[in-house]
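Quick notes on the structure that follows.
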Amino acid sequence: MSFKLFVWSHHKITQAVLGCVCPLLATSSALGLLFWFGFRFGTILCVTPFLVLAIGVDDAYLMMHSWMRISNEDSSLTKRERVAHMLVDVGPSVSITSLTNFLAFLVGIYTPTPEIQLFCIGNAVAILFDFIYQIIHMLDDYSQWLANKFTSVFLFFALCCYWYLSIVGASQIDIVLSPDKLVLEDSPLIEVCYHETIFLKTIFPLTINL
C-alpha cells in the first residue's frame, strides 16, 4: 500500500497557516468576551495567544494527520465521511487534552494573586473556545454563504469602514499619562498621586522682601 503522508504539496502550507488561525481566533473571542463582561486587561494576558497557539497547533496536527491517513486508506470516502472518521479517530485525544488544560487553569482561578487569577481565566476561556472551534463544524449553508462573492465584498466593505473608524478614533485620542493612572484605585499611593497632581499645582512660591 502506498503511503502518501510525506509527499510535498503546496496545500500543506495553507493547512499550517490555518492551523494557527483557529487558536488565534479562539484567543480573540475569549479575550473580547472577557473584556465585554468587564474584566480588566493585564500584561500577563499577552502570553495567552502563544499558550493557546501551542495547544491548538498540536490538536490541528493530530486532526490533519488523521485526515491524510484516512484519505490515503480509502479515497472513495466523501468529505463528510472523512470528517466523521477523523473525529472518531482523534476526537477523544483532543477532548481529553483540552479538558485537562481547561480544568488546570480553572483550578488556578482560586489562587489569591489577582494577576494569576486573570491569567487563568483568560487561558481557560481561550482553551474552551479553541475546543469549540476545532470540534464543531459549521453547516453547509453557512459554508456556502462564506464562499459567496457577495459575502466577500460585504465583509471587505465592513472591514474598510472598521479601519476608517479606527484611524479616525485613534487620531482623536488625547494621551494623558498621570501618576494616578499607574496605581489601583484603592492603593495608598493614590494619596501621593493626588498630592502631586492637585496640591502642588495650587501652591505658589512666597517671596518676602526685607
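Ordering of the C-alpha cells sets the chain letters (A, B, ...); residue numbers start at 1 within each chain; ligands are numbered from 1 in the order shown.
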
DSSP on the backbone, helix (DSSP H, G or I) only: what residues of range 5-199 of chain A does that give? Format it as a PyMOL selection string.
chain A and resi 11-36+43-73+79-108+114-135+140-147+149-171+179-181+189-199

Go ahead and save the residues from that selection, with C-alpha atoms, as a short mmCIF file (atom, residue, chain, number, x, y, z; two decimals), in the first residue's frame.
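Final output, out-v6.cif:
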data_model
loop_
_atom_site.label_atom_id
_atom_site.label_comp_id
_atom_site.auth_asym_id
_atom_site.auth_seq_id
_atom_site.Cartn_x
_atom_site.Cartn_y
_atom_site.Cartn_z
CA HIS A 11 -1.68 22.72 0.31
CA LYS A 12 0.33 21.81 3.40
CA ILE A 13 1.44 25.44 3.71
CA THR A 14 -2.20 26.51 3.70
CA GLN A 15 -3.03 23.86 6.28
CA ALA A 16 -0.18 25.01 8.53
CA VAL A 17 -1.36 28.62 8.36
CA LEU A 18 -4.99 27.69 9.02
CA GLY A 19 -3.85 25.52 11.92
CA CYS A 20 -2.51 28.69 13.55
CA VAL A 21 -5.54 30.81 12.66
CA CYS A 22 -8.01 28.76 14.72
CA PRO A 23 -6.20 29.20 18.09
CA LEU A 24 -5.68 32.91 17.42
CA LEU A 25 -9.38 33.33 16.63
CA ALA A 26 -10.21 31.47 19.82
CA THR A 27 -7.95 33.77 21.83
CA SER A 28 -9.50 36.86 20.24
CA SER A 29 -13.00 35.59 21.01
CA ALA A 30 -12.11 34.71 24.60
CA LEU A 31 -10.39 37.99 25.44
CA GLY A 32 -13.08 40.00 23.68
CA LEU A 33 -15.78 38.22 25.68
CA LEU A 34 -13.93 38.80 28.95
CA PHE A 35 -13.40 42.50 28.25
CA TRP A 36 -17.06 42.80 27.29
CA THR A 43 0.07 42.42 30.58
CA ILE A 44 0.16 38.76 31.61
CA LEU A 45 -2.67 38.12 29.13
CA CYS A 46 -0.18 38.75 26.31
CA VAL A 47 1.13 35.23 26.97
CA THR A 48 -2.30 33.68 26.34
CA PRO A 49 -2.15 33.70 22.49
CA PHE A 50 1.18 31.82 22.48
CA LEU A 51 -0.02 29.27 25.03
CA VAL A 52 -3.28 28.58 23.22
CA LEU A 53 -1.38 28.52 19.92
CA ALA A 54 0.83 25.70 21.21
CA ILE A 55 -2.19 23.67 22.32
CA GLY A 56 -4.23 24.40 19.19
CA VAL A 57 -1.43 23.59 16.75
CA ASP A 58 -0.89 20.24 18.45
CA ASP A 59 -4.59 19.39 18.05
CA ALA A 60 -4.56 20.62 14.45
CA TYR A 61 -1.58 18.39 13.69
CA LEU A 62 -3.42 15.34 15.02
CA MET A 63 -6.52 16.17 13.00
CA MET A 64 -4.64 16.80 9.74
CA HIS A 65 -2.54 13.64 10.18
CA SER A 66 -5.67 11.58 10.75
CA TRP A 67 -7.38 13.22 7.74
CA MET A 68 -4.48 12.37 5.40
CA ARG A 69 -4.20 8.83 6.72
CA ILE A 70 -7.94 8.17 6.30
CA SER A 71 -7.91 9.71 2.81
CA ASN A 72 -4.96 7.54 1.84
CA GLU A 73 -6.61 4.37 3.11
CA LYS A 79 -15.69 14.80 2.81
CA ARG A 80 -18.48 14.34 5.34
CA GLU A 81 -17.45 10.71 5.91
CA ARG A 82 -13.79 11.66 6.23
CA VAL A 83 -14.64 14.30 8.84
CA ALA A 84 -16.71 11.74 10.75
CA HIS A 85 -13.89 9.17 10.72
CA MET A 86 -11.37 11.84 11.71
CA LEU A 87 -13.44 12.95 14.72
CA VAL A 88 -13.86 9.33 15.81
CA ASP A 89 -10.12 8.82 15.50
CA VAL A 90 -8.71 11.93 17.22
CA GLY A 91 -11.79 13.33 18.95
CA PRO A 92 -11.12 11.59 22.29
CA SER A 93 -7.47 12.74 22.35
CA VAL A 94 -8.35 16.35 21.56
CA SER A 95 -11.20 16.32 24.08
CA ILE A 96 -9.09 14.88 26.89
CA THR A 97 -6.17 17.28 26.40
CA SER A 98 -8.47 20.28 26.10
CA LEU A 99 -10.47 19.26 29.16
CA THR A 100 -7.30 18.67 31.17
CA ASN A 101 -5.85 22.07 30.32
CA PHE A 102 -9.20 23.76 30.91
CA LEU A 103 -9.61 22.23 34.38
CA ALA A 104 -5.99 23.00 35.27
CA PHE A 105 -6.47 26.70 34.58
CA LEU A 106 -9.91 26.60 36.17
CA VAL A 107 -8.32 25.50 39.44
CA GLY A 108 -5.80 28.34 39.17
CA PRO A 114 -5.05 38.78 41.13
CA GLU A 115 -2.71 38.54 38.13
CA ILE A 116 -2.62 34.75 38.30
CA GLN A 117 -6.41 34.70 38.54
CA LEU A 118 -6.71 36.89 35.45
CA PHE A 119 -4.19 34.74 33.58
CA CYS A 120 -6.00 31.51 34.44
CA ILE A 121 -9.41 32.92 33.50
CA GLY A 122 -8.13 34.12 30.12
CA ASN A 123 -6.45 30.81 29.33
CA ALA A 124 -9.41 28.69 30.44
CA VAL A 125 -11.89 30.60 28.29
CA ALA A 126 -9.49 30.66 25.31
CA ILE A 127 -8.95 26.89 25.50
CA LEU A 128 -12.72 26.37 25.66
CA PHE A 129 -13.24 28.49 22.53
CA ASP A 130 -10.40 26.67 20.76
CA PHE A 131 -12.00 23.31 21.50
CA ILE A 132 -15.37 24.52 20.24
CA TYR A 133 -13.87 25.92 17.02
CA GLN A 134 -11.93 22.72 16.32
CA ILE A 135 -14.62 20.14 17.06
CA ASP A 140 -23.32 23.58 4.67
CA ASP A 141 -25.45 26.70 4.25
CA TYR A 142 -23.09 28.75 6.40
CA SER A 143 -20.08 27.48 4.43
CA GLN A 144 -21.75 28.33 1.15
CA TRP A 145 -22.58 31.80 2.48
CA LEU A 146 -18.92 32.37 3.34
CA ALA A 147 -17.87 31.18 -0.13
CA LYS A 149 -18.76 36.56 -3.69
CA PHE A 150 -21.35 38.90 -2.23
CA THR A 151 -20.22 37.91 1.27
CA SER A 152 -16.61 38.66 0.38
CA VAL A 153 -17.49 42.10 -0.96
CA PHE A 154 -19.71 42.86 2.04
CA LEU A 155 -17.07 41.82 4.55
CA PHE A 156 -14.39 43.79 2.71
CA PHE A 157 -16.59 46.89 2.79
CA ALA A 158 -17.27 46.37 6.51
CA LEU A 159 -13.55 45.93 7.13
CA CYS A 160 -12.75 49.18 5.31
CA CYS A 161 -15.35 51.01 7.44
CA TYR A 162 -13.84 49.50 10.56
CA TRP A 163 -10.34 50.61 9.53
CA TYR A 164 -11.63 54.12 8.79
CA LEU A 165 -13.37 54.44 12.15
CA SER A 166 -10.32 53.03 13.92
CA ILE A 167 -7.97 55.53 12.26
CA VAL A 168 -10.31 58.45 12.98
CA GLY A 169 -10.79 57.36 16.58
CA ALA A 170 -7.09 56.79 17.16
CA SER A 171 -6.22 60.22 15.76
CA PRO A 179 0.61 59.32 38.15
CA ASP A 180 -2.85 58.25 39.35
CA LYS A 181 -3.23 56.09 36.22
CA LEU A 189 -0.12 55.53 46.69
CA ILE A 190 -3.16 57.31 45.28
CA GLU A 191 -2.79 59.96 48.02
CA VAL A 192 0.71 60.68 46.81
CA CYS A 193 -0.58 60.98 43.26
CA TYR A 194 -3.27 63.43 44.36
CA HIS A 195 -0.65 65.40 46.24
CA GLU A 196 1.47 65.73 43.09
CA THR A 197 -1.36 66.41 40.64
CA ILE A 198 -3.65 68.63 42.76
CA PHE A 199 -1.91 70.15 45.74
#

Please compute the CA of Phe41 in chain A-CA of Thr113 in chain A distance, one decimal, in Å.
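CA of Thr113 in chain A lies at a distance of 15.0 Å from CA of Phe41 in chain A.
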
Expressed in Å to a single decimal, how great is the separation between CA of Phe39 in chain A and CA of His137 in chain A?
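Separation of CA of Phe39 in chain A and CA of His137 in chain A: 29.5 Å.
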